[in-house]
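Contents: one structure, followed by commentary.
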Amino acid sequence: MSAPPKNTVLIVDDSRVSRMMSRQFILNKFPDWDIVEALTGEDAIEKMDSISPVLVLMDVNMPGMGGIAAAEILRQRFPSLKISLQTANIQDATRNKAAAIGVGFIEKPINQVRIHKLLEELEAT
Amino acid sequence: MLELTELQHDALVEIFNMGVGNAASAMSSIVNEEVTMSVPTITFQSRAEAASILGNKESRRICGISQHYQGAFNTDAILMFPEEKSLEIVRLMVGDSVSMEELTEMEQEAMSEIGNIILNACVGILANIFNHELEGSLPSYLVGSSSEILGAEEKNSQDTVLMLHIDFALESHQIHGYVAFLLDMTAMQDLQQHIDQYLSGLT
């Protein structure tokens, strides 16, 4: 019997250190999960052709189309995909945009507590 | 020159205080220790004079991360640390599991991300208080003297700017840093208008 497919998380962030920290916090909780990284919104959209993640963590302020536009495209293409903005931009305007396109919102700095809370919510669904 | 009334000045300091509090909390969460921040000081002077004041406090080479914001008002926001402390700050952020070689390699990029988080923590509060979005550029990283970091050698360096200046410290690591917001005359008038709106909402 083959092993069940591993869960995958797509981390979209132009900051290497942010990707590294998100990866580390996710693997602390789920060591056997796969992590795929994208550096821009465009890169994330392209990668979605070949992966089916359970969660997309999306930075907002990135070169190119930016995280809000990319999240909006992913939301339209994958209506049931769990997407969360993960951003230093804590403005109400950004939170409102996240709510309007139906994606979650977590504040940077990224830490274990914030990531684990998100993963627990994911497990509960 | 634009003049602030006592009430406007008070409101400006109070609003930036809230932003600074949030920035301190973000910084503390990055480095896992208490961060103390001063009450913001507001001064009007040229960029060259601002650089000279900062240069008197900090003679070492400075690592600066700046972001330009536009919207409610336009401003250059700059986070500054002594360059020699930069690796130590990145180490506090990423922990001990990263090798020294990797740490050095990611220093600039990690400092940009730290700047992005701290400056946005402060600016985000201002935008929410003014109920008006402030759109930020990507962070840019520069190492140099206070003049170079504050743009005091550029062609408009003698124009008057409003500088909001905040000192902060991670006492147990003896790391001191600075945050500055620079606004030109037009931006000051926009800011003044937002302060008046904020004050009118309080009465």
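In the structure tokens, each chain is lettered A, B, ... as it comes, each chain's residues begin at 1, and ligands are numbered from 1 in order of appearance.
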task: Enumerate the residues of stretch 131-180 of chain B with a DSSP assignment of strand (DSSP E), computed from the backbone, and present them as an MDAnalysis selection string.
output: chainID B and resid 134:136 140:144 160:170 175:180
message: Taking 5 positions as the minimum chain separation for residues in the same chain, which residues sit within 7 Å of stretch 102-115 of chain B when counting only C-alpha atoms? Answer as an MDAnalysis selection string.
response: (chainID A and resid 15 17) or (chainID B and resid 65 79 87 90 139:141)
With the cut-off set at 7 Å and counting only C-alpha atoms, tabulate each residue of chain B with an atom at most that distance from an atom of chain A, showing the nearest atom pair and its distance in Å to one decimal, ordered by chain and increasing number, as a tab-separated table.
```
residue	atom	partner	partner_atom	distance
B:Ala26	CA	A:Pro109	CA	6.5
B:Ser29	CA	A:Pro109	CA	6.8
B:Ile30	CA	A:Pro109	CA	6.2
B:Glu109	CA	A:Ser15	CA	6.7
B:Ala110	CA	A:Val17	CA	5.7
B:Glu113	CA	A:Ser15	CA	6.6
B:Asn116	CA	A:Ala88	CA	6.8
B:Ile117	CA	A:Ala88	CA	4.9
B:Asn120	CA	A:Asn89	CA	5.6
B:Ala121	CA	A:Ala88	CA	6.6
B:Gly124	CA	A:Gln91	CA	4.7
B:Ile125	CA	A:Gln91	CA	6.9
B:Ala127	CA	A:Gln91	CA	6.4
B:Asn128	CA	A:Gln91	CA	5.9
B:Glu133	CA	A:Ala93	CA	6.3
B:Leu138	CA	A:Asn61	CA	6.7
```
message: Give me, as number ranges by chain, all polymer residues having an atom no more than 12 Å from B:Val123, counting only C-alpha atoms and skipping those fewer than 5 positions away in the same chain.
response: A: 88-92; B: 15-23, 67-78, 115-118, 128-136, 179-181
message: I need the residues in chain A that are alpha helix (DSSP H) according to DSSP; give them as a ChimeraX atom specification.
response: /A:16-29,41-47,67-77,92-101,112-124
Distance criterion (only C-alpha atoms): nearest to B:Ser146 out of B:Pro40, B:Pro82, B:Gly201, B:Gly55: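 Result for the nearest residue to B:Ser146: B:Gly55.
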- request: Name all residues at most 12 Å from A:Val12 (count only C-alpha atoms; drop same-chain ones fewer than 2 positions away) and give them as a PyMOL selection string.
  value: chain A and resi 9-10+14-20+22-23+35-48+55-63+66-68+70-71+83-87
Limited to C-alpha atoms, could you put the picked residues into a file as a PDB file, in the first residue's frame?
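Written file, result33.pdb:
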```pdb
ATOM      1  CA  VAL A   9       2.506  24.419   2.100  1.00  0.00           C
ATOM      2  CA  LEU A  10       3.383  27.111  -0.429  1.00  0.00           C
ATOM      3  CA  ASP A  14      10.619  37.762  -1.459  1.00  0.00           C
ATOM      4  CA  SER A  15      12.452  37.693   1.874  1.00  0.00           C
ATOM      5  CA  ARG A  16      14.638  34.636   2.266  1.00  0.00           C
ATOM      6  CA  VAL A  17      14.768  34.971   6.033  1.00  0.00           C
ATOM      7  CA  SER A  18      10.971  35.100   6.245  1.00  0.00           C
ATOM      8  CA  ARG A  19      10.648  31.994   4.088  1.00  0.00           C
ATOM      9  CA  MET A  20      13.252  30.274   6.196  1.00  0.00           C
ATOM     10  CA  SER A  22       8.024  30.068   8.187  1.00  0.00           C
ATOM     11  CA  ARG A  23       9.476  26.813   6.908  1.00  0.00           C
ATOM     12  CA  ILE A  35       7.345  23.119   1.780  1.00  0.00           C
ATOM     13  CA  VAL A  36       7.456  24.824  -1.601  1.00  0.00           C
ATOM     14  CA  GLU A  37       8.778  28.374  -1.855  1.00  0.00           C
ATOM     15  CA  ALA A  38       7.962  31.126  -4.333  1.00  0.00           C
ATOM     16  CA  LEU A  39       9.627  34.536  -4.438  1.00  0.00           C
ATOM     17  CA  THR A  40       6.852  36.529  -6.116  1.00  0.00           C
ATOM     18  CA  GLY A  41       3.132  36.371  -6.793  1.00  0.00           C
ATOM     19  CA  GLU A  42       3.807  35.442 -10.414  1.00  0.00           C
ATOM     20  CA  ASP A  43       6.110  32.642  -9.297  1.00  0.00           C
ATOM     21  CA  ALA A  44       3.415  31.341  -6.907  1.00  0.00           C
ATOM     22  CA  ILE A  45       0.753  31.264  -9.614  1.00  0.00           C
ATOM     23  CA  GLU A  46       3.084  29.326 -11.909  1.00  0.00           C
ATOM     24  CA  LYS A  47       3.998  26.839  -9.172  1.00  0.00           C
ATOM     25  CA  MET A  48       0.315  26.152  -8.500  1.00  0.00           C
ATOM     26  CA  LEU A  55      -2.107  26.247   2.642  1.00  0.00           C
ATOM     27  CA  VAL A  56      -0.599  29.263   0.907  1.00  0.00           C
ATOM     28  CA  LEU A  57       1.220  31.844   3.030  1.00  0.00           C
ATOM     29  CA  MET A  58       1.441  35.057   1.010  1.00  0.00           C
ATOM     30  CA  ASP A  59       3.542  38.135   1.720  1.00  0.00           C
ATOM     31  CA  VAL A  60       2.014  41.423   0.515  1.00  0.00           C
ATOM     32  CA  ASN A  61       4.833  43.805  -0.313  1.00  0.00           C
ATOM     33  CA  MET A  62       6.816  41.998  -3.038  1.00  0.00           C
ATOM     34  CA  PRO A  63       8.283  42.951  -6.393  1.00  0.00           C
ATOM     35  CA  GLY A  66       2.302  41.930  -5.105  1.00  0.00           C
ATOM     36  CA  GLY A  67       0.611  39.557  -2.713  1.00  0.00           C
ATOM     37  CA  ILE A  68      -2.928  40.969  -2.747  1.00  0.00           C
ATOM     38  CA  ALA A  70      -1.734  37.153  -6.460  1.00  0.00           C
ATOM     39  CA  ALA A  71      -4.032  36.039  -3.620  1.00  0.00           C
ATOM     40  CA  ILE A  83      -4.738  31.255   1.738  1.00  0.00           C
ATOM     41  CA  SER A  84      -3.377  33.597   4.383  1.00  0.00           C
ATOM     42  CA  LEU A  85      -1.627  36.889   3.897  1.00  0.00           C
ATOM     43  CA  GLN A  86       1.446  37.015   6.077  1.00  0.00           C
ATOM     44  CA  THR A  87       2.535  40.610   6.219  1.00  0.00           C
TER      45      THR A  87
END
```
message: Need to verify the contact set: B:Leu183, 6 Å, only C-alpha atoms, exclusion of same-chain residues closer than 5 positions in sequence. Can you return it as a ChimeraX atom specification?
response: /B:75,161-162,188
- prompt: Quick one: residues within 10 Å of B:Glu154, only C-alpha atoms counted, chain neighbours fewer than 4 positions away excluded, as number ranges by chain?
  reply: B: 47-48, 147-148, 150, 158
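Closest to A:Pro31 among A:Ile51, A:Asp13, A:Glu121, A:Thr8 is A:Thr8, based on only C-alpha atoms.
Compared by their closest atoms to A:Ala3, and using only C-alpha atoms, the residues A:Asp32, A:Ala124, A:Ala98, A:Asp49 rank with A:Asp32 nearest.
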Residue nearest B:Ser157 among B:Leu54, B:Val94, B:Leu182, B:Leu202 (counting only C-alpha atoms):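 Among the listed residues, B:Leu182 lies closest to B:Ser157.
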query: atom CA of A:Lys82 and atom CA of A:Leu122, how far apart in Å?
result: 7.8 Å
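Those residues that approach A:Trp33 to within 12 Å, counting only C-alpha atoms, are Pro4, Pro5, Lys6, Asn7, Thr8, Val9, Leu10, Arg23, Gln24, Phe25, Ile26, Leu27, Asn28, Pro53, Val54, Leu55 and Leu119 of chain A; same-chain residues fewer than 5 positions away are not listed.
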Writing out the chosen residues with N, CA and C atoms as a compact mmCIF listing (two decimals), in the first residue's frame:
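Produced file part-v6.txt, reproduced below:
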```txt
# COMPACT_ATOMS: atom_id res chain seq x y z
N PRO A 4 0.11 7.77 2.16
CA PRO A 4 -0.76 8.88 1.76
C PRO A 4 0.08 10.07 1.31
N PRO A 5 -0.44 10.89 0.39
CA PRO A 5 0.36 12.03 -0.08
C PRO A 5 0.66 13.00 1.07
N LYS A 6 1.84 13.58 1.02
CA LYS A 6 2.21 14.53 2.08
C LYS A 6 1.48 15.85 1.86
N ASN A 7 1.17 16.51 2.97
CA ASN A 7 0.63 17.87 2.85
C ASN A 7 1.73 18.82 2.40
N THR A 8 1.32 19.77 1.58
CA THR A 8 2.28 20.76 1.08
C THR A 8 1.82 22.16 1.47
N VAL A 9 2.78 22.99 1.85
CA VAL A 9 2.51 24.42 2.10
C VAL A 9 3.33 25.23 1.11
N LEU A 10 2.68 26.20 0.48
CA LEU A 10 3.38 27.11 -0.43
C LEU A 10 3.64 28.42 0.31
N ARG A 23 9.19 28.23 7.16
CA ARG A 23 9.48 26.81 6.91
C ARG A 23 9.82 26.09 8.22
N GLN A 24 10.69 26.73 8.98
CA GLN A 24 11.16 26.12 10.23
C GLN A 24 10.00 25.91 11.21
N PHE A 25 9.12 26.91 11.33
CA PHE A 25 8.01 26.80 12.30
C PHE A 25 6.99 25.74 11.86
N ILE A 26 6.79 25.63 10.56
CA ILE A 26 5.84 24.61 10.06
C ILE A 26 6.43 23.22 10.29
N LEU A 27 7.71 23.06 9.95
CA LEU A 27 8.34 21.74 10.08
C LEU A 27 8.50 21.32 11.55
N ASN A 28 8.58 22.31 12.45
CA ASN A 28 8.63 21.97 13.88
C ASN A 28 7.37 21.23 14.29
N PRO A 53 -1.26 22.57 -2.68
CA PRO A 53 -0.98 22.78 -1.26
C PRO A 53 -2.25 22.82 -0.42
N VAL A 54 -2.08 22.55 0.89
CA VAL A 54 -3.20 22.69 1.81
C VAL A 54 -3.27 24.13 2.32
N LEU A 55 -2.18 24.87 2.13
CA LEU A 55 -2.11 26.25 2.64
C LEU A 55 -1.13 27.07 1.80
N LEU A 119 -1.98 26.74 11.70
CA LEU A 119 -1.98 25.32 11.34
C LEU A 119 -3.05 24.55 12.11
```
